[in-house]
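Visitor: File follows, start03.cif with mmCIF, C-alpha atoms and all ligand atoms:
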```
data_coords
#
loop_
_atom_site.label_atom_id
_atom_site.label_comp_id
_atom_site.auth_asym_id
_atom_site.auth_seq_id
_atom_site.Cartn_x
_atom_site.Cartn_y
_atom_site.Cartn_z
CA MET A 1 -119.09 -87.27 52.43
CA LEU A 2 -122.39 -87.62 50.65
CA GLN A 3 -123.64 -90.46 52.82
CA GLN A 4 -126.36 -88.99 55.06
CA THR A 5 -125.50 -85.43 53.95
CA ARG A 6 -126.99 -83.22 51.25
CA VAL A 7 -124.94 -82.25 48.19
CA GLU A 8 -125.26 -78.49 48.82
CA ALA A 9 -123.96 -78.95 52.36
CA VAL A 10 -121.06 -81.10 51.22
CA ILE A 11 -119.65 -78.91 48.42
CA PRO A 12 -117.66 -76.43 50.58
CA TYR A 13 -116.33 -79.30 52.74
CA PHE A 14 -115.33 -81.27 49.65
CA GLU A 15 -113.48 -78.29 48.15
CA ARG A 16 -111.64 -77.50 51.38
CA PHE A 17 -110.82 -81.18 51.89
CA LEU A 18 -109.31 -81.55 48.41
CA ALA A 19 -107.36 -78.32 48.78
CA ARG A 20 -105.92 -79.61 52.06
CA PHE A 21 -105.36 -83.24 50.84
CA PRO A 22 -104.99 -83.08 47.04
CA THR A 23 -103.71 -86.67 46.62
CA VAL A 24 -104.12 -90.06 48.26
CA ALA A 25 -100.51 -89.75 49.42
CA ASP A 26 -101.21 -86.38 51.08
CA LEU A 27 -104.20 -87.83 52.89
CA ALA A 28 -102.26 -90.91 54.01
CA ALA A 29 -99.37 -88.79 55.31
CA ALA A 30 -101.58 -86.43 57.34
CA PRO A 31 -102.20 -86.99 61.06
CA VAL A 32 -105.71 -88.30 61.67
CA GLU A 33 -106.43 -85.20 63.82
CA ASP A 34 -106.01 -82.99 60.72
CA VAL A 35 -108.40 -85.20 58.76
CA LEU A 36 -110.98 -85.04 61.57
CA ALA A 37 -110.58 -81.26 61.76
CA ALA A 38 -111.23 -80.94 58.01
CA TRP A 39 -114.26 -83.21 58.41
CA SER A 40 -115.60 -81.38 61.44
CA GLY A 41 -119.25 -80.44 60.96
CA LEU A 42 -120.10 -83.28 58.57
CA GLY A 43 -120.80 -85.77 61.38
CA TYR A 44 -120.39 -89.55 61.25
CA TYR A 45 -116.68 -89.22 61.98
CA ARG A 46 -116.09 -92.94 61.51
CA ARG A 47 -116.21 -92.19 57.77
CA ALA A 48 -113.33 -89.71 58.06
CA ARG A 49 -111.22 -92.21 59.99
CA ALA A 50 -112.03 -94.94 57.47
CA LEU A 51 -111.14 -92.64 54.56
CA HIS A 52 -107.80 -91.90 56.18
CA GLU A 53 -107.13 -95.60 56.83
CA ALA A 54 -108.16 -96.42 53.26
CA ALA A 55 -105.68 -93.86 51.89
CA ARG A 56 -102.93 -95.57 53.90
CA ALA A 57 -104.04 -98.99 52.65
CA VAL A 58 -104.00 -97.77 49.02
CA LEU A 59 -100.43 -96.63 49.53
CA GLU A 60 -99.28 -99.79 51.31
CA ARG A 61 -101.12 -102.43 49.28
CA HIS A 62 -101.35 -100.81 45.87
CA GLY A 63 -98.37 -98.45 45.72
CA GLY A 64 -100.67 -95.40 45.73
CA ALA A 65 -102.67 -96.47 42.64
CA PHE A 66 -106.35 -96.74 43.49
CA PRO A 67 -107.50 -100.35 42.92
CA SER A 68 -110.23 -101.03 40.37
CA ALA A 69 -111.26 -104.61 41.17
CA ARG A 70 -114.36 -104.99 43.33
CA GLU A 71 -112.63 -107.40 45.76
CA ASP A 72 -109.67 -105.04 46.27
CA LEU A 73 -112.04 -102.13 46.81
CA LEU A 74 -114.13 -104.10 49.30
CA ALA A 75 -110.97 -104.85 51.29
CA LEU A 76 -110.36 -101.13 51.92
CA PRO A 77 -111.55 -99.71 55.27
CA GLY A 78 -114.96 -98.08 55.03
CA VAL A 79 -115.77 -99.42 51.55
CA GLY A 80 -118.98 -101.45 51.30
CA PRO A 81 -120.74 -103.01 48.32
CA TYR A 82 -122.29 -99.74 47.14
CA THR A 83 -119.04 -97.75 47.16
CA ALA A 84 -117.10 -100.64 45.60
CA GLY A 85 -119.68 -100.93 42.80
CA ALA A 86 -119.74 -97.16 42.24
CA VAL A 87 -115.96 -96.77 42.06
CA ALA A 88 -115.44 -99.90 39.94
CA SER A 89 -118.17 -99.03 37.43
CA ILE A 90 -118.02 -95.22 37.31
CA ALA A 91 -114.30 -94.59 37.76
CA PHE A 92 -113.00 -97.73 36.00
CA ASP A 93 -115.92 -98.75 33.78
CA ARG A 94 -116.00 -102.29 35.14
CA PRO A 95 -119.25 -104.26 34.69
CA GLU A 96 -120.25 -103.97 38.37
CA ARG A 97 -123.65 -103.36 39.90
CA LEU A 98 -124.61 -100.99 42.68
CA VAL A 99 -127.67 -100.37 44.81
CA ASP A 100 -128.18 -97.16 46.76
CA GLY A 101 -131.45 -95.80 48.16
CA ASN A 102 -132.58 -94.40 44.81
CA VAL A 103 -131.73 -97.56 42.87
CA ALA A 104 -133.40 -99.74 45.51
CA ARG A 105 -136.64 -97.74 45.12
CA VAL A 106 -136.58 -98.02 41.32
CA LEU A 107 -135.90 -101.78 41.41
CA ALA A 108 -138.50 -102.39 44.13
CA ARG A 109 -141.14 -100.80 41.88
CA LEU A 110 -139.88 -102.14 38.57
CA TYR A 111 -139.96 -105.74 39.87
CA ALA A 112 -142.71 -105.27 42.48
CA ILE A 113 -140.53 -106.39 45.40
CA GLU A 114 -142.90 -106.54 48.36
CA ALA A 115 -140.44 -107.43 51.15
CA PRO A 116 -139.92 -104.63 53.72
CA GLN A 117 -137.05 -102.30 52.94
CA GLU A 118 -134.80 -103.26 55.84
CA SER A 119 -135.16 -107.00 55.28
CA ALA A 120 -132.47 -109.36 54.02
CA VAL A 121 -134.87 -110.52 51.28
CA PHE A 122 -135.30 -106.97 49.99
CA ARG A 123 -131.57 -106.42 49.94
CA ALA A 124 -130.86 -109.74 48.24
CA ARG A 125 -133.50 -109.20 45.56
CA THR A 126 -132.51 -105.64 44.70
CA TRP A 127 -128.83 -106.62 44.39
CA GLU A 128 -129.77 -109.65 42.33
CA HIS A 129 -131.83 -107.56 39.88
CA ALA A 130 -129.11 -104.90 39.71
CA GLY A 131 -126.61 -107.62 38.76
CA LEU A 132 -128.88 -109.13 36.10
CA LEU A 133 -129.39 -105.71 34.52
CA VAL A 134 -125.64 -105.02 34.39
CA ALA A 135 -125.03 -108.50 32.94
CA ASP A 136 -127.49 -107.62 30.17
CA LEU A 137 -125.66 -104.48 29.07
CA ALA A 138 -123.84 -106.22 26.19
CA GLY A 139 -120.71 -104.12 26.41
CA ARG A 140 -122.39 -100.79 27.18
CA SER A 141 -120.98 -98.75 30.04
CA ALA A 142 -121.98 -100.04 33.48
CA GLY A 143 -120.87 -96.72 34.97
CA GLU A 144 -123.31 -94.78 32.80
CA TRP A 145 -126.02 -97.37 33.42
CA ASN A 146 -125.63 -97.16 37.19
CA GLN A 147 -125.66 -93.37 37.11
CA ALA A 148 -128.76 -93.44 34.92
CA LEU A 149 -130.52 -95.72 37.42
CA MET A 150 -129.59 -93.42 40.29
CA GLU A 151 -130.83 -90.39 38.34
CA LEU A 152 -134.05 -92.17 37.47
CA GLY A 153 -134.64 -92.69 41.18
CA ALA A 154 -133.64 -89.13 42.08
CA LEU A 155 -135.67 -87.32 39.39
CA VAL A 156 -138.48 -89.55 38.11
CA CYS A 157 -139.12 -92.53 40.38
CA VAL A 158 -139.16 -90.25 43.42
CA PRO A 159 -140.33 -91.44 46.87
CA ARG A 160 -143.76 -89.79 46.77
CA GLU A 161 -145.83 -89.52 43.61
CA PRO A 162 -143.40 -91.01 41.09
CA ARG A 163 -143.61 -89.36 37.66
CA CYS A 164 -144.67 -92.52 35.84
CA LEU A 165 -145.97 -90.70 32.77
CA ALA A 166 -142.48 -89.37 32.10
CA CYS A 167 -140.73 -92.62 32.98
CA PRO A 168 -138.70 -94.32 30.25
CA VAL A 169 -139.34 -97.80 31.72
CA GLN A 170 -143.06 -97.48 32.43
CA ALA A 171 -143.92 -100.24 29.96
CA ARG A 172 -141.89 -102.73 32.03
CA CYS A 173 -142.87 -101.55 35.50
CA ARG A 174 -144.75 -104.18 37.50
CA ALA A 175 -145.70 -101.77 40.29
CA LEU A 176 -147.37 -99.48 37.73
CA GLU A 177 -149.11 -102.41 36.10
CA ARG A 178 -150.47 -103.57 39.48
CA GLY A 179 -151.29 -100.13 40.88
CA LEU A 180 -148.65 -100.45 43.64
CA THR A 181 -146.44 -97.44 42.92
CA SER A 182 -147.40 -95.65 46.15
CA GLU A 183 -147.14 -98.83 48.27
CA LEU A 184 -143.66 -99.84 47.13
CA PRO A 185 -141.07 -100.01 48.45
CA VAL A 186 -142.62 -101.11 51.75
CA PRO A 187 -141.23 -98.52 54.22
CA LYS A 188 -138.84 -99.43 56.98
CA ARG A 189 -139.96 -99.05 60.55
CA ARG A 190 -138.78 -95.76 62.02
CA PRO A 191 -136.46 -96.27 64.99
CA THR A 192 -137.85 -94.60 68.10
CA ALA A 193 -136.13 -91.36 69.00
CA ILE A 194 -134.19 -91.29 72.26
CA GLU A 195 -134.58 -88.11 74.32
CA VAL A 196 -131.38 -86.93 75.99
CA GLU A 197 -130.49 -83.82 78.00
CA LEU A 198 -126.97 -82.41 78.07
CA HIS A 199 -125.45 -79.68 80.21
CA VAL A 200 -122.71 -77.65 78.58
CA ALA A 201 -120.45 -75.24 80.49
CA ILE A 202 -119.07 -72.07 78.93
CA VAL A 203 -115.91 -71.09 80.77
CA ARG A 204 -114.01 -68.16 79.31
CA SER A 205 -110.61 -66.71 79.97
CA GLY A 206 -110.32 -63.56 77.88
CA ASP A 207 -110.79 -64.63 74.27
CA ARG A 208 -110.25 -68.28 75.05
CA TRP A 209 -112.77 -70.98 75.88
CA LEU A 210 -112.33 -74.06 78.01
CA VAL A 211 -112.58 -77.13 75.79
CA GLN A 212 -111.91 -80.80 76.30
CA GLN A 213 -110.82 -83.47 73.86
CA ARG A 214 -113.07 -86.49 73.61
CA PRO A 215 -111.60 -89.94 74.23
CA ALA A 216 -109.67 -91.62 71.41
CA THR A 217 -112.38 -94.24 70.95
CA GLY A 218 -116.15 -94.12 70.77
CA ARG A 219 -118.51 -91.48 69.47
CA MET A 220 -116.85 -88.38 67.94
CA ALA A 221 -113.50 -89.75 69.05
CA GLY A 222 -110.69 -87.20 69.34
CA LEU A 223 -112.85 -84.15 68.62
CA TRP A 224 -112.98 -81.13 70.93
CA GLU A 225 -116.01 -79.86 72.80
CA LEU A 226 -117.09 -77.46 75.51
CA PRO A 227 -117.22 -79.30 78.87
CA THR A 228 -120.32 -81.44 78.70
CA VAL A 229 -122.12 -83.84 81.01
CA GLU A 230 -125.23 -85.94 80.72
CA PRO A 231 -127.31 -85.35 83.84
CA SER A 232 -129.86 -87.94 82.77
CA GLY A 233 -127.26 -90.68 82.95
CA ALA A 234 -127.89 -91.55 79.29
CA ARG A 235 -124.83 -92.98 77.60
CA LEU A 236 -124.94 -91.00 74.36
CA LEU A 237 -121.54 -89.41 74.82
CA ALA A 238 -119.95 -92.02 77.03
CA GLY A 239 -116.43 -93.18 76.31
CA PRO A 240 -113.99 -95.27 78.33
CA ASP A 241 -112.20 -92.27 79.86
CA TRP A 242 -115.24 -90.06 80.11
CA PRO A 243 -116.32 -88.26 83.30
CA ASP A 244 -119.13 -89.80 85.26
CA ALA A 245 -122.29 -89.08 83.33
CA ARG A 246 -124.14 -87.88 86.41
CA GLY A 247 -121.55 -85.48 87.81
CA ALA A 248 -120.05 -82.26 86.51
CA THR A 249 -116.28 -81.83 86.19
CA PRO A 250 -115.45 -80.96 89.85
CA ALA A 251 -113.30 -77.95 88.96
CA ILE A 252 -116.18 -76.20 87.17
CA ALA A 253 -118.82 -74.19 89.04
CA LEU A 254 -121.98 -73.74 86.99
CA GLY A 255 -123.56 -70.26 87.04
CA ASP A 256 -126.53 -68.80 85.19
CA GLU A 257 -128.27 -70.69 82.43
CA LEU A 258 -127.61 -68.85 79.17
CA GLY A 259 -130.00 -70.65 76.89
CA THR A 260 -131.09 -73.93 75.38
CA LEU A 261 -130.90 -75.41 71.94
CA SER A 262 -131.86 -78.62 70.19
CA HIS A 263 -129.47 -80.97 68.51
CA SER A 264 -129.70 -84.42 66.94
CA ILE A 265 -127.11 -87.16 66.77
CA THR A 266 -128.37 -90.18 64.81
CA ARG A 267 -131.60 -91.16 66.66
CA HIS A 268 -130.89 -89.10 69.77
CA ARG A 269 -132.96 -85.92 70.18
CA ILE A 270 -130.92 -83.77 72.47
CA ARG A 271 -132.02 -80.81 74.60
CA VAL A 272 -128.88 -78.86 75.34
CA ARG A 273 -128.82 -76.49 78.35
CA VAL A 274 -125.88 -74.09 78.23
CA PHE A 275 -124.54 -72.53 81.44
CA GLU A 276 -122.07 -69.79 82.12
CA ALA A 277 -119.45 -71.30 84.42
CA ARG A 278 -116.21 -70.65 86.31
CA TRP A 279 -113.04 -72.69 86.33
CA LEU A 280 -111.79 -73.17 89.89
CA ALA A 281 -108.54 -75.06 89.58
CA GLY A 282 -105.58 -73.16 88.10
CA ASP A 283 -104.26 -74.32 84.74
CA PRO A 284 -106.37 -77.06 83.21
CA GLU A 285 -104.65 -80.31 82.29
CA ALA A 286 -105.26 -82.60 79.31
CA PRO A 287 -107.80 -83.41 78.03
CA LEU A 288 -108.92 -79.91 79.08
CA ASP A 289 -107.39 -76.75 77.65
CA PHE A 290 -108.20 -73.12 76.88
CA ALA A 291 -108.39 -72.28 73.16
CA SER A 292 -109.49 -69.37 71.00
CA ARG A 293 -112.31 -69.73 68.49
CA ALA A 294 -109.76 -70.01 65.66
CA GLN A 295 -107.83 -72.68 67.55
CA ILE A 296 -111.00 -74.66 68.28
CA ALA A 297 -111.91 -74.55 64.58
CA GLU A 298 -108.45 -75.87 63.75
CA LEU A 299 -108.52 -78.59 66.43
CA GLY A 300 -111.82 -79.96 65.12
CA PRO A 301 -114.89 -79.20 67.25
CA THR A 302 -117.90 -81.50 67.53
CA GLY A 303 -120.94 -80.36 65.56
CA LEU A 304 -122.70 -79.42 68.79
CA THR A 305 -119.80 -77.30 70.03
CA ALA A 306 -119.61 -75.47 66.68
CA LYS A 307 -123.36 -74.83 66.94
CA ILE A 308 -123.10 -73.46 70.49
CA LEU A 309 -120.20 -71.18 69.56
CA ARG A 310 -122.34 -69.69 66.78
CA ALA A 311 -125.32 -69.12 69.10
CA PRO A 312 -125.98 -65.48 70.06
CA PHE A 313 -126.04 -66.30 73.80
CA ALA A 314 -122.51 -67.76 73.59
CA ARG A 315 -121.17 -64.59 72.01
CA ALA A 316 -122.67 -62.50 74.81
CA THR A 317 -120.85 -64.29 77.64
CA ALA A 318 -118.57 -62.33 79.96
CA ARG A 319 -114.85 -62.51 79.33
S1 LIG A 401 -143.17 -96.38 35.99
FE1 LIG A 401 -143.33 -95.15 37.82
S2 LIG A 401 -143.01 -96.55 39.54
FE2 LIG A 401 -142.31 -97.59 37.68
S3 LIG A 401 -140.14 -97.20 37.60
FE3 LIG A 401 -141.13 -95.60 36.37
S4 LIG A 401 -141.50 -93.89 37.80
FE4 LIG A 401 -141.00 -95.71 39.02
#
```
Let me see the structure of the file written as structure tokens.
Ligand code: SF4
Guide:
Amino acid sequence: MLQQTRVEAVIPYFERFLARFPTVADLAAAPVEDVLAAWSGLGYYRRARALHEAARAVLERHGGAFPSAREDLLALPGVGPYTAGAVASIAFDRPERLVDGNVARVLARLYAIEAPQESAVFRARTWEHAGLLVADLAGRSAGEWNQALMELGALVCVPREPRCLACPVQARCRALERGLTSELPVPKRRPTAIEVELHVAIVRSGDRWLVQQRPATGRMAGLWELPTVEPSGARLLAGPDWPDARGATPAIALGDELGTLSHSITRHRIRVRVFEARWLAGDPEAPLDFASRAQIAELGPTGLTAKILRAPFARATAR
């Protein structure tokens, strides 16, 4: 949950998630739709699916006992080198290394690694140094060591203006010695933002809203959203069973524009135009359906749909 998301934002999700799925077995037994609904709003839904698949793998391969060996952890869906190192060292006190963004910054400065941050050389060198440091611990806790390195990066060796005077490793820091603390690590190139426009239709029937379930594969798979099209023809939301990106759902007649809002999904900057609309075709069929706000929250809305439903102009629509 903490990947790409701030701690303060995660806490209520984490608490609700653990209340709903208190054990690995509970998570494994739950339908994936329930897991996605509990994850709704955190984004990056692939992580929720991977977590669910990993819970099933822990049950099938390890009898429900979470594995502690790095290789077994790496074999679980969604677990990469960082997570495997963190779980092995912090939860099981195994002598394993880890490198996250904070640790990479500390190591880049400590050893004056001048390769650009996204390069294979940078990655190889930071992991190599992290491993050498763990190998040098002489029996001390790798879990505590790794947490200390992460904290050093979060609190002292911060991205801008590192607090070198307060740093416990300043005497060994090559970047400090060479006057490179503000140059290292060499920043990654920013990916260019992609501008996208979306049209969203608000169709109401009493207290219920017309929503559609996204295809089972692709971006935000299986989540529910207000009927949405991409007039620009961009393929941000495209899925295999998705309506033509240039046309509106034929049974919906768009009316007045209610408002606009901005939204971001990864590198897409989205201008969302929201229209009041009418449904012209009797009872909607799957993947379309009418649902109340409470039902939509339970089904698992996309982040954008949740945002629109909170917007003042959505509340003011006619019933
Ligand atoms: S001395 Fe400064 S640059 Fe070097 S590790 Fe410490 S805080 Fe980071």
Visitor: Counting all atoms listed in the file, what is within 9 Å of stretch 109-121 of chain A, bar same-chain residues fewer than 2 positions away, as a list of chain:residue names?
Guide: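 The filter keeps A:Ala104, A:Arg105, A:Val106, A:Leu107, A:Arg123, A:Ala124, A:Arg125, A:Thr126, A:His129, A:Cys157, A:Val169, A:Gln170, A:Arg172, A:Cys173, A:Arg174, A:Ala175, A:Leu176, A:Arg178, A:Leu180, A:Thr181, A:Glu183, A:Leu184, A:Pro185, A:Val186, A:Pro187, A:Lys188, A:Arg189.
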Visitor: Any idea what's packed within 9 Å of A:Ile270, counting only C-alpha atoms, ignoring anything in its chain fewer than 2 positions away? Could you give it as an mmCIF file with C-alpha atoms, keeping the file's coordinate frame?
Guide:
```
data_model
loop_
_atom_site.group_PDB
_atom_site.id
_atom_site.type_symbol
_atom_site.label_atom_id
_atom_site.label_comp_id
_atom_site.auth_asym_id
_atom_site.auth_seq_id
_atom_site.Cartn_x
_atom_site.Cartn_y
_atom_site.Cartn_z
ATOM 1 C CA ILE A 194 -134.190 -91.290 72.260
ATOM 2 C CA GLU A 195 -134.580 -88.110 74.320
ATOM 3 C CA VAL A 196 -131.380 -86.930 75.990
ATOM 4 C CA GLU A 197 -130.490 -83.820 78.000
ATOM 5 C CA LEU A 198 -126.970 -82.410 78.070
ATOM 6 C CA LEU A 261 -130.900 -75.410 71.940
ATOM 7 C CA SER A 262 -131.860 -78.620 70.190
ATOM 8 C CA HIS A 263 -129.470 -80.970 68.510
ATOM 9 C CA SER A 264 -129.700 -84.420 66.940
ATOM 10 C CA ILE A 265 -127.110 -87.160 66.770
ATOM 11 C CA HIS A 268 -130.890 -89.100 69.770
ATOM 12 C CA VAL A 272 -128.880 -78.860 75.340
#
```
Visitor: Quote the spacing between atom CA of A:Glu276 and atom CA of A:Ala216 in Å to one decimal place.
Guide: 27.3 Å
Visitor: Return the single residue from A:Glu151, A:Glu33, A:Asp100, A:Asp93 that is closest to ligand LIG 401 (chain A), with distances computed using all atoms listed in the file.
Guide: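 Among A:Glu151, A:Glu33, A:Asp100, A:Asp93, it is A:Glu151 that comes nearest to ligand LIG 401 (chain A).
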Visitor: Select, from A:Phe92, A:Phe17, A:Tyr82, A:Trp279, the residue with the minimum atom-to-atom distance to A:Ala130, counting only C-alpha atoms.
Guide: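 Answer, going by the shortest atom-to-atom distance: A:Tyr82.
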Visitor: From the list A:Ala286, A:Leu226, A:Ala277, A:Ala88, which residue is nearest A:Leu304 when using all atoms listed in the file?
Guide: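 Ranking A:Ala286, A:Leu226, A:Ala277, A:Ala88 by distance to A:Leu304, first place goes to A:Leu226.
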Visitor: For atom CA of A:Arg315 and atom CA of A:Trp224, quote the distance in Å rounded to one decimal.
Guide: 18.5 Å
Visitor: Counting all atoms listed in the file, which of A:Arg46, A:Arg94, A:His62, A:Arg163 gets nearest to ligand LIG 401 (chain A)?
Guide: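 Checking each of A:Arg46, A:Arg94, A:His62, A:Arg163 against ligand LIG 401 (chain A), counting all atoms listed in the file, the winner is A:Arg163.
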